[in-house]
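Novice: This is my_file09.cif, which holds mmCIF, C-alpha atoms:
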```cif
data_structure
#
loop_
_atom_site.label_atom_id
_atom_site.label_comp_id
_atom_site.auth_asym_id
_atom_site.auth_seq_id
_atom_site.Cartn_x
_atom_site.Cartn_y
_atom_site.Cartn_z
CA MET P 851 -13.87 -1.55 -33.60
CA LYS P 852 -15.00 2.04 -33.15
CA ILE P 853 -15.57 3.77 -29.82
CA LEU P 854 -16.23 7.31 -28.63
CA CYS P 855 -15.40 8.71 -25.18
CA THR P 856 -14.15 11.87 -23.53
CA LYS P 857 -10.44 12.48 -23.08
CA SER P 858 -10.83 12.78 -19.29
CA ASP P 859 -12.67 9.44 -18.94
CA LEU P 860 -10.17 7.70 -21.21
CA GLN P 861 -7.18 9.18 -19.38
CA LYS P 862 -8.56 8.13 -16.01
CA GLY P 863 -9.06 4.55 -17.23
CA VAL P 864 -5.61 4.35 -18.80
CA SER P 865 -3.93 5.66 -15.64
CA ILE P 866 -5.68 2.99 -13.56
CA VAL P 867 -4.76 -0.05 -15.68
CA ALA P 868 -1.26 1.22 -16.54
CA LYS P 869 -0.27 0.30 -12.97
CA ALA P 870 -0.32 -3.38 -14.05
CA VAL P 871 1.94 -2.87 -17.08
CA PRO P 872 5.41 -4.33 -16.35
CA SER P 873 8.40 -1.99 -16.65
CA LYS P 874 10.51 -4.83 -18.07
CA THR P 875 9.33 -7.97 -19.86
CA THR P 876 10.43 -10.35 -22.58
CA MET P 877 6.82 -10.60 -23.81
CA PRO P 878 5.84 -7.52 -25.89
CA ILE P 879 2.11 -8.27 -25.51
CA LEU P 880 2.38 -7.61 -21.75
CA GLU P 881 3.50 -4.07 -22.58
CA CYS P 882 0.04 -3.46 -24.03
CA ILE P 883 -3.31 -2.23 -22.78
CA LEU P 884 -6.28 -4.16 -24.15
CA ILE P 885 -9.25 -2.10 -25.34
CA ASP P 886 -12.25 -4.40 -25.21
CA ALA P 887 -15.44 -3.16 -26.86
CA SER P 888 -16.72 -6.62 -27.74
CA SER P 889 -19.83 -6.34 -25.55
CA ASP P 890 -21.90 -3.36 -24.40
CA ARG P 891 -19.18 -1.72 -22.29
CA ILE P 892 -15.73 -0.31 -22.98
CA LYS P 893 -13.15 -2.09 -20.83
CA LEU P 894 -9.42 -1.46 -20.48
CA THR P 895 -7.15 -4.24 -19.18
CA ALA P 896 -3.46 -4.64 -18.34
CA ASN P 897 -1.82 -7.75 -16.92
CA ASP P 898 1.77 -8.53 -15.95
CA MET P 899 0.85 -12.14 -15.00
CA GLU P 900 1.19 -11.38 -11.27
CA LEU P 901 -1.11 -8.36 -11.13
CA GLY P 902 -3.99 -7.65 -13.48
CA ILE P 903 -6.28 -4.61 -13.56
CA GLN P 904 -9.48 -4.07 -15.54
CA THR P 905 -11.62 -0.95 -15.49
CA GLU P 906 -14.62 0.36 -17.42
CA VAL P 907 -14.62 3.63 -19.36
CA ALA P 908 -17.81 5.61 -20.01
CA GLY P 909 -18.49 6.08 -23.71
CA SER P 910 -20.35 4.71 -26.71
CA ILE P 911 -19.51 1.71 -28.88
CA GLN P 912 -20.26 2.27 -32.55
CA GLU P 913 -18.61 -0.92 -33.75
CA ASN P 914 -17.68 -3.90 -31.56
CA GLY P 915 -14.13 -5.23 -31.39
CA MET P 916 -10.89 -5.51 -29.43
CA ILE P 917 -7.33 -4.27 -29.87
CA ALA P 918 -4.10 -4.33 -27.84
CA ILE P 919 -2.03 -1.14 -27.94
CA ASN P 920 1.42 -0.39 -26.53
CA ALA P 921 0.68 1.05 -23.10
CA LYS P 922 3.49 3.61 -22.94
CA LEU P 923 2.69 5.11 -26.35
CA PHE P 924 -1.06 5.00 -25.78
CA SER P 925 -0.73 6.68 -22.35
CA GLU P 926 1.40 9.48 -23.75
CA ILE P 927 -0.95 10.09 -26.68
CA VAL P 928 -4.02 10.20 -24.46
CA ARG P 929 -2.32 12.48 -21.94
CA LYS P 930 -1.43 15.03 -24.64
CA LEU P 931 -4.78 15.02 -26.47
CA PRO P 932 -6.96 18.14 -26.41
CA ASP P 933 -9.77 18.16 -23.81
CA SER P 934 -12.46 16.89 -26.15
CA ASP P 935 -14.15 13.72 -27.41
CA VAL P 936 -11.87 10.92 -28.59
CA VAL P 937 -12.66 8.45 -31.35
CA ILE P 938 -10.66 5.20 -31.50
CA GLU P 939 -11.12 3.09 -34.61
CA THR P 940 -9.37 -0.04 -35.89
CA ASN P 941 -9.31 -2.02 -39.12
CA ASP P 942 -8.78 -5.72 -39.74
CA LYS P 943 -4.99 -5.20 -39.99
CA TYR P 944 -4.82 -3.92 -36.39
CA GLN P 945 -4.20 -0.39 -37.60
CA THR P 946 -5.53 1.94 -34.89
CA PHE P 947 -6.70 5.50 -35.56
CA ILE P 948 -7.07 7.93 -32.64
CA THR P 949 -8.84 11.21 -33.45
CA CYS P 950 -9.48 14.14 -31.12
CA ASP P 951 -10.43 17.54 -32.58
CA LYS P 952 -7.80 18.17 -35.25
CA ALA P 953 -5.28 15.72 -33.77
CA LYS P 954 -5.02 12.38 -35.58
CA PHE P 955 -2.79 9.42 -34.74
CA ASP P 956 -2.23 6.24 -36.71
CA ILE P 957 -0.52 3.45 -34.72
CA VAL P 958 -0.09 -0.30 -35.12
CA GLY P 959 -1.86 -2.45 -32.55
CA LYS P 960 -1.73 -6.16 -31.82
CA SER P 961 -4.31 -8.89 -32.03
CA ALA P 962 -6.40 -9.27 -28.88
CA THR P 963 -6.01 -13.06 -29.16
CA GLU P 964 -2.35 -12.68 -28.11
CA PHE P 965 -3.30 -10.81 -24.92
CA SER P 966 -3.20 -12.47 -21.50
CA PHE P 967 -6.72 -11.95 -20.20
CA LEU P 968 -7.35 -11.78 -16.47
CA PRO P 969 -7.81 -15.26 -14.97
CA THR P 970 -11.34 -16.32 -14.16
CA ILE P 971 -11.41 -16.68 -10.39
CA GLU P 972 -13.89 -18.97 -8.70
CA GLN P 973 -14.69 -16.67 -5.80
CA GLU P 974 -14.84 -19.09 -2.89
CA SER P 975 -14.99 -16.54 -0.06
CA SER P 976 -15.24 -12.77 0.27
CA ILE P 977 -15.45 -9.85 2.69
CA GLU P 978 -16.51 -6.23 2.28
CA VAL P 979 -14.81 -3.14 3.73
CA SER P 980 -15.14 0.53 2.94
CA GLN P 981 -12.73 2.09 0.48
CA PHE P 982 -11.68 4.47 3.25
CA ALA P 983 -10.85 1.63 5.68
CA LEU P 984 -8.83 -0.34 3.13
CA LYS P 985 -6.92 2.70 1.86
CA GLU P 986 -6.11 3.72 5.43
CA VAL P 987 -5.01 0.27 6.60
CA ILE P 988 -2.65 -0.02 3.62
CA ARG P 989 -1.22 3.47 4.28
CA GLN P 990 -0.73 2.61 7.93
CA THR P 991 1.24 -0.62 7.27
CA ILE P 992 2.84 -0.56 3.81
CA PHE P 993 5.90 1.42 4.93
CA SER P 994 7.26 -1.47 6.97
CA ILE P 995 7.40 -4.14 4.29
CA SER P 996 10.87 -5.23 3.22
CA GLU P 997 12.42 -4.63 -0.19
CA SER P 998 14.98 -7.39 0.36
CA GLU P 999 14.93 -10.16 -2.25
CA SER P 1000 16.30 -12.65 0.30
CA GLN P 1001 13.18 -12.34 2.48
CA LYS P 1002 10.44 -12.63 -0.12
CA LEU P 1003 7.56 -13.03 2.35
CA MET P 1004 8.51 -9.73 4.01
CA SER P 1005 7.67 -7.96 0.74
CA GLY P 1006 4.05 -8.92 1.27
CA GLU P 1007 1.46 -8.23 3.95
CA LEU P 1008 -0.51 -10.74 5.98
CA PHE P 1009 -4.29 -10.47 5.68
CA GLU P 1010 -5.60 -12.56 8.56
CA ILE P 1011 -9.32 -12.94 9.20
CA ALA P 1012 -10.28 -14.34 12.61
CA ASP P 1013 -13.35 -13.73 14.81
CA ASN P 1014 -14.77 -11.34 12.20
CA VAL P 1015 -11.73 -9.07 12.39
CA LEU P 1016 -9.34 -8.40 9.50
CA ARG P 1017 -5.80 -8.02 10.84
CA VAL P 1018 -3.22 -6.61 8.41
CA VAL P 1019 0.45 -7.15 9.27
CA SER P 1020 3.74 -6.05 7.73
CA LEU P 1021 7.32 -6.40 8.92
CA ASP P 1022 10.86 -5.91 7.67
CA GLY P 1023 13.00 -7.50 10.39
CA HIS P 1024 13.38 -4.27 12.39
CA ARG P 1025 9.74 -3.37 13.01
CA ILE P 1026 6.20 -4.70 12.78
CA SER P 1027 3.03 -2.80 11.86
CA ILE P 1028 -0.41 -4.18 12.71
CA ARG P 1029 -3.82 -2.68 11.98
CA LYS P 1030 -7.28 -4.16 12.52
CA ILE P 1031 -10.65 -3.66 10.81
CA GLU P 1032 -13.85 -5.05 12.32
CA LEU P 1033 -16.00 -6.79 9.70
CA LYS P 1034 -19.76 -6.37 9.60
CA ASP P 1035 -20.57 -9.82 8.23
CA GLU P 1036 -19.42 -13.21 9.47
CA SER P 1037 -16.40 -14.58 7.63
CA GLU P 1038 -14.40 -17.78 7.75
CA ASP P 1039 -10.96 -17.62 9.35
CA VAL P 1040 -8.18 -17.41 6.77
CA LYS P 1041 -4.60 -16.22 6.28
CA LEU P 1042 -3.48 -14.66 2.98
CA ILE P 1043 -0.13 -13.11 2.03
CA VAL P 1044 -0.76 -10.27 -0.42
CA PRO P 1045 2.17 -8.78 -2.40
CA GLY P 1046 3.10 -5.28 -1.27
CA LYS P 1047 3.11 -4.10 -4.88
CA THR P 1048 -0.53 -5.14 -5.27
CA LEU P 1049 -1.60 -3.27 -2.14
CA SER P 1050 0.37 -0.19 -3.11
CA GLU P 1051 -1.32 -0.04 -6.52
CA VAL P 1052 -4.78 -0.77 -5.09
CA SER P 1053 -4.31 2.06 -2.61
CA LYS P 1054 -3.53 4.51 -5.41
CA ILE P 1055 -6.76 3.64 -7.24
CA LEU P 1056 -9.10 3.65 -4.22
CA SER P 1057 -11.09 6.85 -3.79
CA GLY P 1058 -10.96 6.56 -0.01
CA ASP P 1059 -14.71 7.20 0.18
CA LEU P 1060 -16.37 6.12 3.41
CA GLU P 1061 -19.64 5.09 1.76
CA ASN P 1062 -18.27 3.09 -1.21
CA MET P 1063 -17.30 -0.50 -0.51
CA VAL P 1064 -14.58 -2.84 -1.73
CA LYS P 1065 -15.40 -6.50 -2.22
CA ILE P 1066 -12.33 -8.62 -1.46
CA SER P 1067 -12.60 -12.19 -2.76
CA TYR P 1068 -9.94 -14.85 -2.40
CA THR P 1069 -9.01 -18.39 -3.29
CA LYS P 1070 -5.95 -20.46 -2.45
CA ASN P 1071 -3.86 -18.70 -5.11
CA HIS P 1072 -5.53 -15.36 -5.91
CA ILE P 1073 -7.08 -12.28 -4.33
CA VAL P 1074 -9.57 -10.03 -6.13
CA PHE P 1075 -10.44 -6.42 -5.25
CA GLU P 1076 -13.67 -5.09 -6.82
CA PHE P 1077 -14.72 -1.46 -6.40
CA ASP P 1078 -16.34 1.25 -8.50
CA SER P 1079 -15.89 -0.01 -12.09
CA THR P 1080 -12.49 -1.62 -11.45
CA VAL P 1081 -11.32 -5.17 -10.81
CA VAL P 1082 -7.81 -5.93 -9.52
CA VAL P 1083 -6.63 -9.55 -9.60
CA SER P 1084 -3.39 -10.60 -7.95
CA ARG P 1085 -1.55 -13.79 -7.21
CA LEU P 1086 -1.06 -14.50 -3.52
CA MET P 1087 2.40 -15.22 -2.14
CA GLU P 1088 3.17 -18.80 -1.22
CA GLY P 1089 4.54 -19.86 2.14
CA GLU P 1090 3.79 -19.56 5.83
CA TYR P 1091 3.94 -16.06 7.30
CA PHE P 1092 6.02 -15.32 10.37
CA LYS P 1093 4.58 -16.21 13.78
CA ILE P 1094 3.71 -12.66 14.73
CA ASP P 1095 1.95 -13.42 18.02
CA GLN P 1096 5.16 -14.90 19.45
CA MET P 1097 6.85 -11.52 18.91
CA LEU P 1098 4.18 -9.53 20.74
CA SER P 1099 4.18 -8.98 24.48
CA ASN P 1100 2.05 -7.15 27.03
CA ASP P 1101 4.89 -6.98 29.55
CA TYR P 1102 6.54 -3.62 30.21
CA GLU P 1103 8.55 -1.86 32.90
CA THR P 1104 8.16 1.65 31.49
CA LYS P 1105 4.94 3.14 30.14
CA VAL P 1106 4.99 6.58 28.53
CA ARG P 1107 2.04 8.70 27.41
CA VAL P 1108 3.02 11.61 25.19
CA ASN P 1109 1.54 14.13 22.76
CA LYS P 1110 2.01 12.53 19.35
CA LYS P 1111 2.54 15.75 17.41
CA GLU P 1112 5.16 17.06 19.85
CA LEU P 1113 7.10 13.79 19.74
CA LEU P 1114 6.86 13.50 15.95
CA ASN P 1115 8.00 17.09 15.39
CA ALA P 1116 10.93 16.73 17.80
CA ILE P 1117 12.17 13.54 16.09
CA ASP P 1118 11.66 15.18 12.70
CA ARG P 1119 13.84 18.10 13.75
CA ALA P 1120 16.50 15.67 14.98
CA THR P 1121 16.75 14.07 11.52
CA LEU P 1122 18.14 17.35 10.14
CA PHE P 1123 21.48 16.05 11.41
CA VAL P 1124 21.17 12.62 9.81
CA LYS P 1125 22.21 12.08 6.18
CA GLU P 1126 20.31 9.67 3.94
CA GLY P 1127 21.51 6.15 4.73
CA ASP P 1128 23.28 7.25 7.93
CA LYS P 1129 22.66 5.00 10.94
CA LYS P 1130 22.86 7.63 13.65
CA PRO P 1131 20.30 6.77 16.34
CA ILE P 1132 18.14 9.12 18.33
CA ILE P 1133 18.83 8.57 22.03
CA ILE P 1134 15.81 8.90 24.30
CA ASN P 1135 16.22 9.43 28.04
CA ILE P 1136 12.96 8.80 29.89
CA THR P 1137 12.74 10.22 33.40
CA ASN P 1138 9.88 11.12 35.74
CA GLU P 1139 8.07 13.84 33.83
CA SER P 1140 10.13 14.35 30.67
CA MET P 1141 11.53 12.61 27.65
CA ASP P 1142 14.89 13.98 26.53
CA LEU P 1143 15.79 13.40 22.87
CA GLN P 1144 19.37 13.66 21.72
CA ILE P 1145 21.12 13.13 18.40
CA LYS P 1146 24.72 13.77 17.39
CA SER P 1147 26.49 13.58 14.04
CA GLN P 1148 29.38 15.23 12.21
CA MET P 1149 26.92 17.93 11.12
CA GLY P 1150 25.95 18.92 14.66
CA SER P 1151 23.69 17.90 17.51
CA MET P 1152 20.24 18.46 18.95
CA ASP P 1153 18.80 18.13 22.43
CA GLU P 1154 15.10 18.60 23.18
CA SER P 1155 12.82 17.74 26.07
CA ILE P 1156 9.12 16.84 25.93
CA ALA P 1157 6.66 16.61 28.81
CA ILE P 1158 5.29 13.08 29.38
CA GLU P 1159 3.24 10.97 31.75
CA LYS P 1160 5.34 8.04 32.93
CA GLU P 1161 4.70 4.85 34.84
CA GLY P 1162 7.54 2.58 35.94
CA LYS P 1163 11.30 2.83 35.58
CA ASP P 1164 13.54 5.48 34.03
CA LEU P 1165 15.07 4.30 30.76
CA LEU P 1166 17.81 5.27 28.30
CA ILE P 1167 17.19 3.76 24.84
CA GLY P 1168 18.13 4.40 21.19
CA PHE P 1169 16.12 4.06 17.97
CA ASN P 1170 16.41 4.56 14.25
CA PRO P 1171 14.55 7.91 14.07
CA ARG P 1172 13.01 7.08 10.70
CA PHE P 1173 11.21 4.04 12.15
CA LEU P 1174 9.61 6.16 14.88
CA ILE P 1175 8.58 8.83 12.37
CA ASP P 1176 6.98 6.29 10.00
CA ALA P 1177 4.83 4.86 12.79
CA LEU P 1178 3.84 8.15 14.42
CA ARG P 1179 2.84 9.72 11.10
CA VAL P 1180 0.09 7.17 10.49
CA ILE P 1181 -1.39 7.27 14.00
CA ASP P 1182 -4.35 9.64 14.25
CA ASP P 1183 -4.58 9.77 18.05
CA GLU P 1184 -3.62 13.00 19.81
CA LEU P 1185 -1.85 11.10 22.57
CA VAL P 1186 0.16 7.91 22.05
CA THR P 1187 1.33 5.31 24.56
CA LEU P 1188 4.74 3.65 24.42
CA TYR P 1189 5.43 0.41 26.28
CA LEU P 1190 9.09 -0.45 26.96
CA MET P 1191 10.92 -3.17 28.87
CA ASN P 1192 14.63 -2.30 28.66
CA ALA P 1193 17.23 -0.83 26.29
CA LYS P 1194 17.46 -4.06 24.27
CA ALA P 1195 13.78 -5.04 24.06
CA PRO P 1196 11.26 -3.81 21.47
CA CYS P 1197 9.17 -0.70 22.00
CA PHE P 1198 5.42 -1.10 21.45
CA ILE P 1199 3.22 1.80 20.39
CA LYS P 1200 -0.43 0.79 20.69
CA ASP P 1201 -3.87 1.93 21.80
CA GLU P 1202 -5.95 0.33 24.53
CA ASN P 1203 -8.06 -1.71 22.09
CA GLU P 1204 -4.96 -2.73 20.11
CA SER P 1205 -6.61 -1.56 16.89
CA TYR P 1206 -3.04 -0.66 16.00
CA ILE P 1207 0.28 -2.03 17.23
CA TYR P 1208 3.71 -0.83 16.12
CA LEU P 1209 6.75 -2.77 17.29
CA ILE P 1210 10.14 -1.09 16.83
CA LEU P 1211 13.45 -2.71 17.74
CA PRO P 1212 15.93 -0.47 19.58
CA VAL P 1213 19.46 0.33 18.43
CA ASN P 1214 22.59 -0.38 20.45
CA PHE P 1215 23.62 3.27 20.43
CA ASN P 1216 26.91 2.67 22.27
CA ALA P 1217 28.10 0.70 19.23
CA VAL P 1218 27.10 3.25 16.62
CA ALA P 1219 27.23 6.62 18.42
#
```
Have the structure of the file written as C-alpha cells, please.
Specialist:
Amino acid sequence: MKILCTKSDLQKGVSIVAKAVPSKTTMPILECILIDASSDRIKLTANDMELGIQTEVAGSIQENGMIAINAKLFSEIVRKLPDSDVVIETNDKYQTFITCDKAKFDIVGKSATEFSFLPTIEQESSIEVSQFALKEVIRQTIFSISESESQKLMSGELFEIADNVLRVVSLDGHRISIRKIELKDESEDVKLIVPGKTLSEVSKILSGDLENMVKISYTKNHIVFEFDSTVVVSRLMEGEYFKIDQMLSNDYETKVRVNKKELLNAIDRATLFVKEGDKKPIIINITNESMDLQIKSQMGSMDESIAIEKEGKDLLIGFNPRFLIDALRVIDDELVTLYLMNAKAPCFIKDENESYIYLILPVNFNAVA
C-alpha cells in the first residue's frame, strides 16, 4: 500500500475515527485504526464492537492495500508531523513507513484481516435531519443521562418517531429532558434507545451546518448516522424505555414567566457557595411579582430577587441548582415559563408548543438545609 495526503486532512480523519477506539480492551486489534486503500478512496476505520466510525480522507492512492496501525501511536505521530504532504507506505511484512518532509517513521502494523470491520447494516428505515438540528438536540438533552451502571437504560436516550416528529428523551431519575424535531418526510413510528456515548461522539463530529443533512438509518439492533464523508454505526440498547408520558402533566397551581438570562445568572451566582458534590439546595420563594432566591452554606449565603409574571399561588420550593442551570443553559428563548404544583411535585419548564420540556424534581430543603 502507498498513499499520499496532506497532514491536515489525515489529522482530521484520525481525530474523527479515534473516538471509536476503546480506552481499555483485551483485544489489541481493537486498539488500531484501519487504513483502507483497497479501492479508489482512502478510508479510516475504528471499531470497539459497540461503536464503529469510518471516514474518508482526501488524497491519492499510488498502490492499493490495507493496514491496521495502533491508534494511539498513529494519532501522536500524525499530530506532531510538519504541515506538509504525508506518504504512508507498507510492505508485505506489515512494516509501515510514514514520511513527511524530513521526518520518517518506521512502525509495525497488523494484518487488516484481523480487524473487525463495521457490520453491514440492512437499512430498513431512515430519516433525515439537518446537522444543526441533530447537534442541537443532543446538546440540549445529553446532560441529563445517567452514569449509573445499575440503571443501564438511563445511560441512553430515547429516539421516538411518531406522527412525523422525532422526540429525543433523556433522564437520570431526578430530571427529564425532552426535545422535538419535526421531520419533512413521512416516517414509520418507532422507538430506539441510543447509547449516550454514541450521541456524544456523533455530536463532536457534526459540523452543525444548517444546510448539510444527516441520514439516520436503523434496524432492530443498530443505528447508522451518515453525514459528510463519515459513517457512524452503533448498537442500540436493549429493553423497554421508561413510560415518559405517565410522568408528564399539564396541571399546575403556579405559573411563572421570567427572563431566562436573569434567572440563570442569579442561580449561577448562588452556586459560588456550593462545593462540588455538596447537596445544598437553592430555595425559591415565589410571590406576586418577584422570585426570591436564597442559598446558605458554611461558606456564606446569597439572597437575590428577580421580577416575574405570576399566575396562581405563592410557593416556597427547593431545587438542586445545577439541574436548573443545565436546563436553562440550553434553552434559547428570552423568556421561560415554569409550571409548578407544590413543593413536592416536579417543576416543568416548557414552551407553548412543547418543542422542549424539562422536568426537574424538587428537593426537600428542610431535610438538607
Novice: Calculated over all atoms listed in the file, which of the candidates P:Gly863, P:Asp956, P:Glu964, P:Ser975 has the smallest distance to Arg929 in chain P?
Specialist: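 Of all the options, P:Gly863 lies closest to Arg929 in chain P.
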Novice: Taking the file above as input, evaluate the PyMOL selection byres ((chain P and resi 1177) around 10) and report the hits as a PyMOL selection string.
Specialist: chain P and resi 990-991+993-994+1025-1027+1114+1172-1176+1178-1181+1199+1207-1210
Novice: Would you mind telling me which residue in P:Arg989, P:Arg1107, P:Lys1030, P:Arg1119 lies nearest to Ile1145 in chain P when using only C-alpha atoms?
Specialist: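 Comparing P:Arg989, P:Arg1107, P:Lys1030, P:Arg1119 against Ile1145 in chain P, the winner is P:Arg1119.
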Novice: Skipping near chain neighbours, those fewer than 4 positions away, what residues fall within 8 Å of Thr905 in chain P using all atoms listed in the file, listed as a count of residues only?
Specialist: 9
Novice: Excluding Asn1115 in chain P and any residue of its chain fewer than 2 positions from it, enumerate the residues within 12 Å of it, using all atoms listed in the file, and give them as a PyMOL selection string.
Specialist: chain P and resi 1109-1113+1117-1122+1143+1154-1156+1171+1174-1175+1178-1179
Novice: Go through the shown structure with the PyMOL selection byres ((chain P and resi 1128) around 12) and write out the matching residues as a PyMOL selection string.
Specialist: chain P and resi 1121-1127+1129-1132+1146-1149+1170-1172+1218-1219
Novice: Could you check which of P:Ile927, P:Ile1011, P:Leu1042, P:Val1018 is closest to Leu860 in chain P, using all atoms listed in the file?
Specialist: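 For Leu860 in chain P, the nearest of the candidates is P:Ile927.
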Novice: Can you work out the spacing between CA of Arg1085 in chain P and CA of Ser1000 in chain P in Å, to one decimal?
Specialist: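 Going from CA of Arg1085 in chain P over to CA of Ser1000 in chain P covers 19.4 Å.
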Novice: Which is closest to Val1052 in chain P among P:Gly902, P:Gly1023, P:Pro1212, P:Pro932, if we use all atoms listed in the file?
Specialist: P:Gly902
